[in-house]
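Novice: Pasting a structure here, questions to come.
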Amino acid sequence: MDKHVVVIGGGVAGIEAAGTLAEMGLRVSVIEKEEEAGGHITGWHALFPDRRPAKEVTEYLRHRIRHNNITLITKATVERINHHGHSFSVNVSDGTSLNADAVIVATGFDLFDARRKEEYGYGIYDDVITSADLEIMFASNKVLTSAGKVPSRIGFVHCVGSRDEKVNNNHCSKVCCVTAVKQAIEVREILPDCEVFCFYMDMRMFGPLYEELYRESQEKYNVNYIRGKVSEASSTINGRVSVRVEDTLAGRPLKMEIDLLVLMVGMEMSKTGERLAEASGLSTGVNRFLKSADHHYGSNESGKKGIFYAGTCTAPMNITDTISHARAAVTETINYLNSR
Amino acid sequence: MSATAADKFGFAINRTRLINYDTTDRKVRGYISEREPSFRLCFACGGCTASCTAGQHTTFNLRRMNTYIRRGEIAPLREEVTRCMLCGKCLLVCPRGVNTRNVVAVASEAIRKFERNEL
């Protein structure tokens, strides 16, 4: 099929969509805002639930995007999608314009900026870090405090920037619970003498093998779970971080000193996606993610003919679902091109 | 109360600890729910209690109070509502945007009315 599809975003969804289209003989242009394609997963060390090295998946994606039918344009964003009869023109930030027969939007997500939850002290206290920061520590196989000490107690705060009206994110980011479980296990492996606490509101183990991982974290790794939302973190005189929470299962307020506090940052609609949606007249839903034409059987459809959605621009997703969603977007695209 | 024959021998019937949802009175819940609908949004995270000054020194626990109201357990509420100082710190913390301070204010009003049979 001699058709040209523009894929906006070169993360997991964008690469998988582009790779699948290219394999089917279509020409594809992928526009990626960073210097390299790959998406958030390139900053990750290991994946849940099986804890395989993230490198294995990034390698797969790297291989996937290397195809003669794919043109990768990096350090560029799409400003607007214009519709002309049966085709599209796409305005790129470098001033160029691309013609396309169909467009797949795969603008992905932004990690929640933890500084917006000021009461947790990210950017103020050096020993308050995010889940993404911890992955970087895992990559070097060293988990230390800012003073270079081996932590004797680490805490994970779930739902940072998720399920929180105060930061305008009412949605659940879905993947942070299981990420905390995975990271808690990894900490216990690297530092067997370090106590680990997860402060959670609900444990949402939605995927296959997630509940098993949760169970394993208790059974084999002795991870502690305290049900309550941390209300604030502060610095102590001896340089530790003090957290306040209600132990809701005991029904009493609880205070605890911690050496390293990890904030499980959630997923938000990306800023570039938001701008693109506004400029191109794509509708967004209550949590600012792109609103699909039908929640159940049309989650790849934008409601505008020839424009399709793939991955976390529509909702928080794990890698598995993102890849499936991207492939489904390709099916919809092909159906559209055939029926045009 | 006169002692029964059984009491004399050291036997007594323990009062049930069961929340009997069919006999508890949920008029207070209805009253609060109507006047401060954000009350219904609580998902029991305990952020309010964690930030609560009164709760550090007394049994006051807004999260638990909310549950009592929902279940129609009025007895434990009477004293609880008097412990809140209405400082509103919980308001700043609540991730569901519950107007917590007003919940307490309306709850004490509701309990007063309940006791005067005005609900």
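Within each chain, counting starts at residue 1; across the structure tokens, chains are named A, B, ... in the order shown, with ligands numbered 1 upward in that order.
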Can you work out which residues from chain A touch chain B at a cut-off of 7 Å (counting only C-alpha atoms) and hand them back as JSON, numbers by chain?
Specialist: {"A": [163, 164, 165, 166, 201, 228, 229, 230, 231, 244, 245, 246, 248, 253]}
Novice: For the selection you just gave me, I'd like the residues written to a file as an mmCIF file, in the first residue's frame, keeping C-alpha atoms.
Specialist:
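This is the output file out.cif:
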```cif
data_model
loop_
_atom_site.group_PDB
_atom_site.id
_atom_site.type_symbol
_atom_site.label_atom_id
_atom_site.label_comp_id
_atom_site.auth_asym_id
_atom_site.auth_seq_id
_atom_site.Cartn_x
_atom_site.Cartn_y
_atom_site.Cartn_z
ATOM 1 C CA ARG A 163 -6.126 10.555 42.693
ATOM 2 C CA ASP A 164 -5.598 14.041 44.000
ATOM 3 C CA GLU A 165 -7.975 16.872 43.358
ATOM 4 C CA LYS A 166 -5.462 19.334 44.785
ATOM 5 C CA MET A 201 -4.346 4.249 49.844
ATOM 6 C CA GLY A 228 -2.696 5.942 54.645
ATOM 7 C CA LYS A 229 -1.932 8.984 52.567
ATOM 8 C CA VAL A 230 1.181 10.804 53.714
ATOM 9 C CA SER A 231 0.121 14.327 54.615
ATOM 10 C CA ARG A 244 3.250 12.042 58.853
ATOM 11 C CA VAL A 245 0.459 9.693 57.930
ATOM 12 C CA GLU A 246 -2.573 8.134 59.484
ATOM 13 C CA THR A 248 -5.810 4.017 58.955
ATOM 14 C CA PRO A 253 -1.786 9.088 63.395
#
```
Novice: Could you pull out the alpha helix (DSSP H) residues of stretch 95-261 of chain A, going by DSSP on the backbone, and write them as number ranges by chain?
Specialist: A: 131-139, 176-190, 210-219
Novice: How about saving the chosen residues, C-alpha atoms kept, as a PDB file, in the first residue's frame?
Specialist:
```pdb
ATOM      1  CA  SER A 131      10.411   6.720  41.426  1.00  0.00           C
ATOM      2  CA  ALA A 132      12.169   7.797  38.215  1.00  0.00           C
ATOM      3  CA  ASP A 133      15.207   9.003  40.210  1.00  0.00           C
ATOM      4  CA  LEU A 134      15.330   5.642  41.990  1.00  0.00           C
ATOM      5  CA  GLU A 135      15.457   3.786  38.664  1.00  0.00           C
ATOM      6  CA  ILE A 136      18.610   5.751  37.831  1.00  0.00           C
ATOM      7  CA  MET A 137      20.089   4.647  41.173  1.00  0.00           C
ATOM      8  CA  PHE A 138      19.172   1.043  40.368  1.00  0.00           C
ATOM      9  CA  ALA A 139      20.986   1.335  37.042  1.00  0.00           C
ATOM     10  CA  CYS A 176       2.615   3.268  40.247  1.00  0.00           C
ATOM     11  CA  CYS A 177       1.331   0.724  42.795  1.00  0.00           C
ATOM     12  CA  VAL A 178       3.022  -2.186  41.115  1.00  0.00           C
ATOM     13  CA  THR A 179       6.092  -0.054  40.408  1.00  0.00           C
ATOM     14  CA  ALA A 180       6.388   0.647  44.153  1.00  0.00           C
ATOM     15  CA  VAL A 181       6.138  -3.070  44.893  1.00  0.00           C
ATOM     16  CA  LYS A 182       8.813  -3.814  42.305  1.00  0.00           C
ATOM     17  CA  GLN A 183      11.112  -1.070  43.578  1.00  0.00           C
ATOM     18  CA  ALA A 184      10.557  -2.114  47.199  1.00  0.00           C
ATOM     19  CA  ILE A 185      11.727  -5.609  46.298  1.00  0.00           C
ATOM     20  CA  GLU A 186      14.748  -4.251  44.450  1.00  0.00           C
ATOM     21  CA  VAL A 187      15.733  -2.124  47.444  1.00  0.00           C
ATOM     22  CA  ARG A 188      15.496  -5.165  49.711  1.00  0.00           C
ATOM     23  CA  GLU A 189      17.724  -7.096  47.340  1.00  0.00           C
ATOM     24  CA  ILE A 190      20.404  -4.436  47.095  1.00  0.00           C
ATOM     25  CA  TYR A 210       0.987  -8.153  39.833  1.00  0.00           C
ATOM     26  CA  GLU A 211      -0.852  -9.589  42.826  1.00  0.00           C
ATOM     27  CA  GLU A 212       1.712 -12.376  42.924  1.00  0.00           C
ATOM     28  CA  LEU A 213       4.501  -9.811  43.022  1.00  0.00           C
ATOM     29  CA  TYR A 214       2.735  -8.014  45.883  1.00  0.00           C
ATOM     30  CA  ARG A 215       2.450 -11.282  47.757  1.00  0.00           C
ATOM     31  CA  GLU A 216       6.094 -12.102  47.096  1.00  0.00           C
ATOM     32  CA  SER A 217       7.120  -8.685  48.449  1.00  0.00           C
ATOM     33  CA  GLN A 218       5.519  -9.592  51.763  1.00  0.00           C
ATOM     34  CA  GLU A 219       6.426 -13.248  51.886  1.00  0.00           C
TER      35      GLU A 219
END
```
Novice: Mind checking DSSP for stretch 113-221 of chain A and telling me the strand (DSSP E) residues as a PyMOL selection string?
Specialist: chain A and resi 128-130+153-160+195-200
Novice: Distance atom CA of A:Arg204-atom CA of A:Asp247, one decimal place?
Specialist: 18.4 Å
Novice: Using only C-alpha atoms, which residue out of A:Ile31, A:Val175, A:Ile124, A:Val103 lies closest to A:Glu332?
Specialist: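 Looking at the shortest contact to A:Glu332, the residue is A:Val103.
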Novice: For B:Arg29, list every protein, DNA or RNA residue within 6 Å, evaluated using only C-alpha atoms, and leave out those in the same chain fewer than 4 positions away; present the list as a list in words.
Specialist: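 Here the qualifying residues turn out to be Ser33, Ile69 and Arg70 of chain B.
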Novice: Please provide as an MDAnalysis selection string all residues within 8 Å of A:Thr71, with the sequence filter that same-chain residues fewer than 3 positions apart are discarded (counting only C-alpha atoms).
Specialist: chainID A and resid 28:30 68
Novice: Find the spatial neighbours of A:Thr58, counting only C-alpha atoms, within a cut-off of 10 Å - ignore same-chain residues fewer than 5 positions away - and output them as a VMD selection string.
Specialist: chain A and resid 11 to 12 37 to 39 41 to 44 53 63 to 64
Novice: Give me, as a list in words, all polymer residues having an atom no more than 7 Å from stretch 79-85 of chain B, counting only C-alpha atoms and skipping those fewer than 2 positions away in the same chain.
Specialist: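 The filter keeps Ala54, Phe60, Pro76, Leu77, Cys87, Val104 and Ser108 of chain B.
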Novice: Could you dump the residues just selected with N, CA and C atoms as a PDB file, in the first residue's frame?
Specialist:
```pdb
ATOM      1  N   ALA B  54      -5.627  18.213  66.693  1.00  0.00           N
ATOM      2  CA  ALA B  54      -6.465  17.655  67.761  1.00  0.00           C
ATOM      3  C   ALA B  54      -6.258  16.140  67.866  1.00  0.00           C
ATOM      4  N   PHE B  60      -9.832  12.190  68.484  1.00  0.00           N
ATOM      5  CA  PHE B  60     -10.502  12.729  67.297  1.00  0.00           C
ATOM      6  C   PHE B  60      -9.886  12.180  66.013  1.00  0.00           C
ATOM      7  N   PRO B  76     -20.770   7.068  69.059  1.00  0.00           N
ATOM      8  CA  PRO B  76     -19.381   7.523  69.213  1.00  0.00           C
ATOM      9  C   PRO B  76     -19.139   8.950  68.723  1.00  0.00           C
ATOM     10  N   LEU B  77     -20.095   9.526  68.020  1.00  0.00           N
ATOM     11  CA  LEU B  77     -19.884  10.835  67.403  1.00  0.00           C
ATOM     12  C   LEU B  77     -19.996  11.999  68.380  1.00  0.00           C
ATOM     13  N   CYS B  87      -9.620  24.091  62.675  1.00  0.00           N
ATOM     14  CA  CYS B  87      -8.480  24.847  62.150  1.00  0.00           C
ATOM     15  C   CYS B  87      -8.411  24.759  60.623  1.00  0.00           C
ATOM     16  N   VAL B 104     -17.678  18.730  59.834  1.00  0.00           N
ATOM     17  CA  VAL B 104     -17.712  18.693  61.300  1.00  0.00           C
ATOM     18  C   VAL B 104     -18.792  19.634  61.830  1.00  0.00           C
ATOM     19  N   SER B 108     -22.090  18.341  63.904  1.00  0.00           N
ATOM     20  CA  SER B 108     -22.492  18.655  65.285  1.00  0.00           C
ATOM     21  C   SER B 108     -23.921  19.210  65.322  1.00  0.00           C
TER      22      SER B 108
END
```
